[in-house]
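Undergrad: Here you go, one structure.
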Amino acid sequence: MWEQYRKNAVATQLFVITVCAMMLFFGGVAPVAVLVSLLVMEIGAVIGAAWGARLKRKFEARANRRLSAL
């Protein structure tokens, strides 16, 4: 899972920081709400990486089964 997360970590973190900065400076959102949004997006990123890693394992296992059947 961490390999999947690290692959997209820079882009994900830049997106999260940009959205939170825009909420804080241009959206007039309270700092506590920005912090909660940041935490939710970070948790979502980790869950998404876990899900992506799981899908990758499933596809690879299916491909290996097809190759071994030949």
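Residues are named by chain letter and number: chains run A, B, ... in the order of the structure tokens, numbers start at 1 in each chain, and ligands are numbered from 1 in the order shown.
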List the neighbours of stretch 40-47 of chain A out to 10 Å using only C-alpha atoms; skip same-chain residues closer than 4 positions along the sequence, and give me the result as a list in words.

TA: Met1, Trp2, Gln4, Tyr5, Asn8, Ala9, Thr12, Gln13, Phe15, Val16, Ile17, Val19, Cys20, Val34, Leu35, Val36, Trp51, Gly52 and Ala53 of chain A

Undergrad: Quick one: distance from atom CA of A:Ala50 to atom CA of A:Arg65 in Å, one decimal?

TA: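 Result for atom CA of A:Ala50 versus atom CA of A:Arg65: 22.7 Å, one decimal.
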
Undergrad: Quick one, how far is atom CA of A:Leu38 from atom CA of A:Arg54?

TA: 24.4 Å
